[in-house]
Amino acid sequence: MVTPTAVKNQHVLRFQELGKDDVLVAGGKGASLGELTRAGIRVPNGFVVTTHAFQWAVTTIDANGEIVSAVSSLDGRDLRASTKVGAWARARVEAAPLPEELVSQVAQRYRELCVGAGQDDLPVAVRSSATAEDSAEDSFAGLQDTYLWVRGAEEVNQAVRRCWASLYSVDSITYRRRRGLPEDGLAMAVVVQRMVDARSSGVMFTQSPVNGDRSVVALDASWGLGSAVVGGEVTPDSYVINKITGDVVRKTIADKAVRDVPVPGGQGVRAEAVPEEMRTVPAVDDDEIRTLVEIGRRVEQHYGCPQDIEWAISASAPPGENIFLLQSRPVTVGQDRDRVSLAAPKAKAFHHVLSALGVGIPTPGRGNG
């Protein structure tokens, strides 16, 4: 691993060059993906546009500190003012051109991913990775932008700039102001990661999100990309598995009416109806459940604390090589339960993700993303 000191002024770094101690360089997602890669967990390959790149660009975008000053002066309860300042700050960041050297470095790393995959325009996910996210104390997960199925170096660079700008979304601004988090020194890294052609995907908690029981794994699964699960567009299959024996102690197979899939031959994703004959078929089989639980135990042991894991099963990779982890973060709900109840019981594991972010629990349907 390249140490934080060694990467101090690096602008673009491969996952293999990063680890869990590099949060200030790669943000929560980037550091975790580097750590998982180093631990031998199957993770889609990728790289991180570091916080140093963001800070480098900000010296031009906000040379006089106007954005920091304007956001710092906001009251997190004043939604109107936060919306106005956020829109101004986002527009300013999105309109600013990236430094040419950075554009070149991102394009080079993207080409390396393409060559490694044998494709000219490999689809990638471009994901915000803030330095304060995904910790046990503060969960920024979901507050900044993610762009899926992005193709081409120019589009990747554009998505990087949009991720930076999402640091000033009204949700992100009000969250920081309400928590009293400083704006000065705030930075954004961006993860660029090969997309998985997901047959199935979902989330997994290595402890119960209802009562904090560490002897079980809670698993949600649905067809297609995980964006439909976390976005609440579909009610997923739900499992509770004994972590010790591997036995499924409770399962609910849902009627999974929609799935998110790539736009054919283009950029982005779209929702489509799940074929009738698949809607009530389990999205994962028994072997895949066992493998996911084994991976979850391994990741929890590696980090030394319960994990909230995003995963996907590739439609094209062979069995045994088709399960990928997309992210792992410390569980931010159900902890310290003896002192305070952090989360009321919810029917589905992913509802706790939304609750932790202050998002209302959606009902199934396309309009709840």
# chains A, B, ... in the order shown; residues from 1 in each chain; ligands from 1
$ select_by_dssp --residues "range 93-191 of chain A" --states "helix (DSSP H, G or I)" --output "ChimeraX atom specification"
/A:93-95,100-117,153-168,170-179
$ write_last_selection --atoms "N, CA and C atoms" --output "compact mmCIF listing (two decimals), in the first residue's frame"
# COMPACT_ATOMS: atom_id res chain seq x y z
N VAL A 93 -19.17 25.18 -9.49
CA VAL A 93 -18.25 24.04 -9.61
C VAL A 93 -18.45 23.31 -10.93
N GLU A 94 -19.69 23.09 -11.33
CA GLU A 94 -19.96 22.35 -12.56
C GLU A 94 -19.47 23.09 -13.80
N ALA A 95 -19.46 24.42 -13.74
CA ALA A 95 -19.06 25.22 -14.90
C ALA A 95 -17.55 25.34 -15.03
N GLU A 100 -6.02 20.68 -17.09
CA GLU A 100 -5.71 19.78 -18.21
C GLU A 100 -4.89 18.58 -17.78
N GLU A 101 -3.97 18.78 -16.85
CA GLU A 101 -3.16 17.66 -16.38
C GLU A 101 -4.03 16.61 -15.71
N LEU A 102 -5.03 17.05 -14.94
CA LEU A 102 -5.94 16.11 -14.29
C LEU A 102 -6.79 15.38 -15.31
N VAL A 103 -7.30 16.10 -16.31
CA VAL A 103 -8.07 15.47 -17.38
C VAL A 103 -7.27 14.35 -18.02
N SER A 104 -5.99 14.62 -18.26
CA SER A 104 -5.12 13.64 -18.89
C SER A 104 -4.90 12.43 -17.99
N GLN A 105 -4.70 12.66 -16.69
CA GLN A 105 -4.46 11.55 -15.77
C GLN A 105 -5.70 10.66 -15.64
N VAL A 106 -6.87 11.27 -15.54
CA VAL A 106 -8.11 10.49 -15.45
C VAL A 106 -8.31 9.67 -16.72
N ALA A 107 -8.07 10.30 -17.86
CA ALA A 107 -8.23 9.60 -19.14
C ALA A 107 -7.27 8.41 -19.24
N GLN A 108 -6.04 8.60 -18.76
CA GLN A 108 -5.07 7.52 -18.80
C GLN A 108 -5.51 6.34 -17.94
N ARG A 109 -5.96 6.61 -16.71
CA ARG A 109 -6.42 5.53 -15.84
C ARG A 109 -7.67 4.86 -16.41
N TYR A 110 -8.54 5.62 -17.01
CA TYR A 110 -9.73 5.02 -17.62
C TYR A 110 -9.34 4.11 -18.78
N ARG A 111 -8.37 4.54 -19.58
CA ARG A 111 -7.91 3.69 -20.69
C ARG A 111 -7.31 2.40 -20.16
N GLU A 112 -6.60 2.46 -19.05
CA GLU A 112 -6.03 1.25 -18.44
C GLU A 112 -7.14 0.27 -18.06
N LEU A 113 -8.24 0.78 -17.51
CA LEU A 113 -9.37 -0.09 -17.18
C LEU A 113 -9.95 -0.71 -18.45
N CYS A 114 -10.06 0.09 -19.50
CA CYS A 114 -10.60 -0.42 -20.77
C CYS A 114 -9.73 -1.53 -21.34
N VAL A 115 -8.42 -1.30 -21.33
CA VAL A 115 -7.49 -2.31 -21.85
C VAL A 115 -7.60 -3.59 -21.03
N GLY A 116 -7.66 -3.45 -19.72
CA GLY A 116 -7.75 -4.61 -18.86
C GLY A 116 -9.01 -5.42 -19.07
N ALA A 117 -10.08 -4.73 -19.51
CA ALA A 117 -11.36 -5.41 -19.75
C ALA A 117 -11.54 -5.80 -21.21
N ALA A 153 -13.81 8.65 -21.75
CA ALA A 153 -12.98 9.47 -20.85
C ALA A 153 -13.57 10.85 -20.64
N GLU A 154 -14.11 11.46 -21.69
CA GLU A 154 -14.69 12.79 -21.54
C GLU A 154 -15.87 12.77 -20.59
N GLU A 155 -16.72 11.75 -20.73
CA GLU A 155 -17.89 11.64 -19.86
C GLU A 155 -17.48 11.35 -18.42
N VAL A 156 -16.40 10.57 -18.24
CA VAL A 156 -15.92 10.29 -16.88
C VAL A 156 -15.46 11.58 -16.21
N ASN A 157 -14.70 12.39 -16.92
CA ASN A 157 -14.24 13.66 -16.36
C ASN A 157 -15.41 14.58 -16.03
N GLN A 158 -16.41 14.58 -16.86
CA GLN A 158 -17.59 15.40 -16.59
C GLN A 158 -18.31 14.91 -15.33
N ALA A 159 -18.40 13.59 -15.18
CA ALA A 159 -19.06 13.04 -13.99
C ALA A 159 -18.26 13.34 -12.73
N VAL A 160 -16.93 13.37 -12.82
CA VAL A 160 -16.09 13.74 -11.68
C VAL A 160 -16.45 15.15 -11.21
N ARG A 161 -16.55 16.07 -12.16
CA ARG A 161 -16.89 17.46 -11.80
C ARG A 161 -18.27 17.54 -11.17
N ARG A 162 -19.22 16.76 -11.66
CA ARG A 162 -20.56 16.77 -11.09
C ARG A 162 -20.58 16.18 -9.68
N CYS A 163 -19.75 15.16 -9.46
CA CYS A 163 -19.64 14.62 -8.10
C CYS A 163 -19.10 15.68 -7.14
N TRP A 164 -18.06 16.39 -7.56
CA TRP A 164 -17.55 17.48 -6.72
C TRP A 164 -18.66 18.47 -6.40
N ALA A 165 -19.42 18.83 -7.41
CA ALA A 165 -20.48 19.82 -7.22
C ALA A 165 -21.55 19.33 -6.25
N SER A 166 -21.76 18.01 -6.19
CA SER A 166 -22.81 17.48 -5.33
C SER A 166 -22.48 17.63 -3.85
N LEU A 167 -21.25 18.01 -3.54
CA LEU A 167 -20.90 18.33 -2.16
C LEU A 167 -21.74 19.51 -1.67
N TYR A 168 -22.33 20.24 -2.62
CA TYR A 168 -23.14 21.41 -2.29
C TYR A 168 -24.62 21.19 -2.61
N VAL A 170 -28.40 20.46 -1.50
CA VAL A 170 -29.08 20.97 -0.30
C VAL A 170 -29.08 19.93 0.80
N ASP A 171 -29.20 18.65 0.45
CA ASP A 171 -29.18 17.60 1.47
C ASP A 171 -27.82 17.55 2.17
N SER A 172 -26.75 17.63 1.38
CA SER A 172 -25.41 17.55 1.94
C SER A 172 -25.10 18.79 2.80
N ILE A 173 -25.48 19.95 2.30
CA ILE A 173 -25.22 21.18 3.05
C ILE A 173 -25.97 21.18 4.38
N THR A 174 -27.26 20.89 4.35
CA THR A 174 -28.04 20.94 5.59
C THR A 174 -27.59 19.87 6.57
N TYR A 175 -27.17 18.71 6.07
CA TYR A 175 -26.65 17.68 6.96
C TYR A 175 -25.41 18.18 7.69
N ARG A 176 -24.48 18.77 6.95
CA ARG A 176 -23.25 19.26 7.58
C ARG A 176 -23.52 20.39 8.56
N ARG A 177 -24.41 21.30 8.18
CA ARG A 177 -24.68 22.43 9.06
C ARG A 177 -25.37 21.97 10.34
N ARG A 178 -26.30 21.03 10.22
CA ARG A 178 -26.99 20.54 11.41
C ARG A 178 -26.06 19.77 12.34
N ARG A 179 -25.06 19.12 11.77
CA ARG A 179 -24.10 18.38 12.59
C ARG A 179 -22.94 19.24 13.05
$ residues_around --residues "Met188 in chain A" --least-positions-apart "3" --cutoff "8 Å" --atoms "only C-alpha atoms" --output "number ranges by chain"
A: 27, 50-51, 54, 128-131, 164, 167
$ write_last_selection --atoms "N, CA and C atoms" --output "mmCIF file, in the first residue's frame"
data_model
loop_
_atom_site.group_PDB
_atom_site.id
_atom_site.type_symbol
_atom_site.label_atom_id
_atom_site.label_comp_id
_atom_site.auth_asym_id
_atom_site.auth_seq_id
_atom_site.Cartn_x
_atom_site.Cartn_y
_atom_site.Cartn_z
ATOM 1 N N GLY A 27 -11.253 9.473 0.500
ATOM 2 C CA GLY A 27 -12.605 9.456 1.013
ATOM 3 C C GLY A 27 -12.970 8.084 1.549
ATOM 4 N N THR A 50 -8.316 11.838 -6.204
ATOM 5 C CA THR A 50 -8.124 12.090 -4.786
ATOM 6 C C THR A 50 -8.598 13.476 -4.346
ATOM 7 N N THR A 51 -8.621 13.650 -3.034
ATOM 8 C CA THR A 51 -8.981 14.950 -2.472
ATOM 9 C C THR A 51 -7.986 16.030 -2.876
ATOM 10 N N PHE A 54 -9.224 17.591 -5.929
ATOM 11 C CA PHE A 54 -10.303 18.532 -5.596
ATOM 12 C C PHE A 54 -9.720 19.846 -5.074
ATOM 13 N N SER A 128 -19.179 9.643 -5.703
ATOM 14 C CA SER A 128 -18.616 10.588 -4.745
ATOM 15 C C SER A 128 -18.077 9.849 -3.534
ATOM 16 N N SER A 129 -16.986 10.364 -2.977
ATOM 17 C CA SER A 129 -16.359 9.740 -1.807
ATOM 18 C C SER A 129 -15.839 10.839 -0.887
ATOM 19 N N ALA A 130 -16.717 11.342 -0.012
ATOM 20 C CA ALA A 130 -16.347 12.452 0.867
ATOM 21 C C ALA A 130 -15.479 11.959 2.011
ATOM 22 N N THR A 131 -14.640 12.836 2.530
ATOM 23 C CA THR A 131 -13.690 12.440 3.562
ATOM 24 C C THR A 131 -14.364 12.147 4.894
ATOM 25 N N TRP A 164 -18.063 16.389 -7.555
ATOM 26 C CA TRP A 164 -17.549 17.482 -6.724
ATOM 27 C C TRP A 164 -18.663 18.475 -6.399
ATOM 28 N N LEU A 167 -21.255 18.012 -3.540
ATOM 29 C CA LEU A 167 -20.900 18.334 -2.163
ATOM 30 C C LEU A 167 -21.740 19.512 -1.674
#
$ residues_around --residues "range 63-79 of chain A" --least-positions-apart "3" --cutoff "7 Å" --atoms "only C-alpha atoms" --output "VMD selection string"
chain A and resid 58 to 60 82 to 83 85 89 174 177 to 178 183 to 184
$ residues_around --residues "Leu33 in chain A" --least-positions-apart "2" --cutoff "8 Å" --atoms "only C-alpha atoms" --output "tab-separated table (two decimals) with C-alpha atoms, in the first residue's frame"
chain	number	residue	atom	x	y	z
A	15	PHE	CA	-7.33	0.93	-5.72
A	19	GLY	CA	-5.94	1.30	2.10
A	29	LYS	CA	-15.53	4.74	-0.36
A	30	GLY	CA	-12.13	4.97	-2.02
A	31	ALA	CA	-10.20	3.96	1.09
A	35	GLU	CA	-8.57	-1.93	1.61
A	36	LEU	CA	-10.92	-4.62	0.25
A	37	THR	CA	-8.72	-5.02	-2.83
A	43	VAL	CA	-13.90	-5.88	-6.04
A	326	LEU	CA	-19.08	-2.70	-4.37
A	327	GLN	CA	-18.63	-1.12	-0.95
A	328	SER	CA	-18.28	-1.89	2.73
$ closest_residue --among "A:Gln144, A:Pro318, A:Ser227, A:Pro330" --to "Gly268 in chain A" --atoms "only C-alpha atoms"
A:Ser227
$ residues_around --residues "range 270-285 of chain A" --least-positions-apart "3" --cutoff "10 Å" --atoms "only C-alpha atoms" --output "ChimeraX atom specification"
/A:199-202,220-225,227-228,233,236-238,252-264,267,288-290,292,313,366
$ residues_around --residues "range 240-251 of chain A" --least-positions-apart "3" --cutoff "9 Å" --atoms "only C-alpha atoms" --output "ChimeraX atom specification"
/A:206-208,214-220,237,289-290,293-294,297
$ atom_distance --atom1 "CA of Leu13 in chain A" --atom2 "CA of Gly46 in chain A"
8.9 Å
$ atom_distance --atom1 "CA of Val192 in chain A" --atom2 "CA of Asp308 in chain A"
20.4 Å
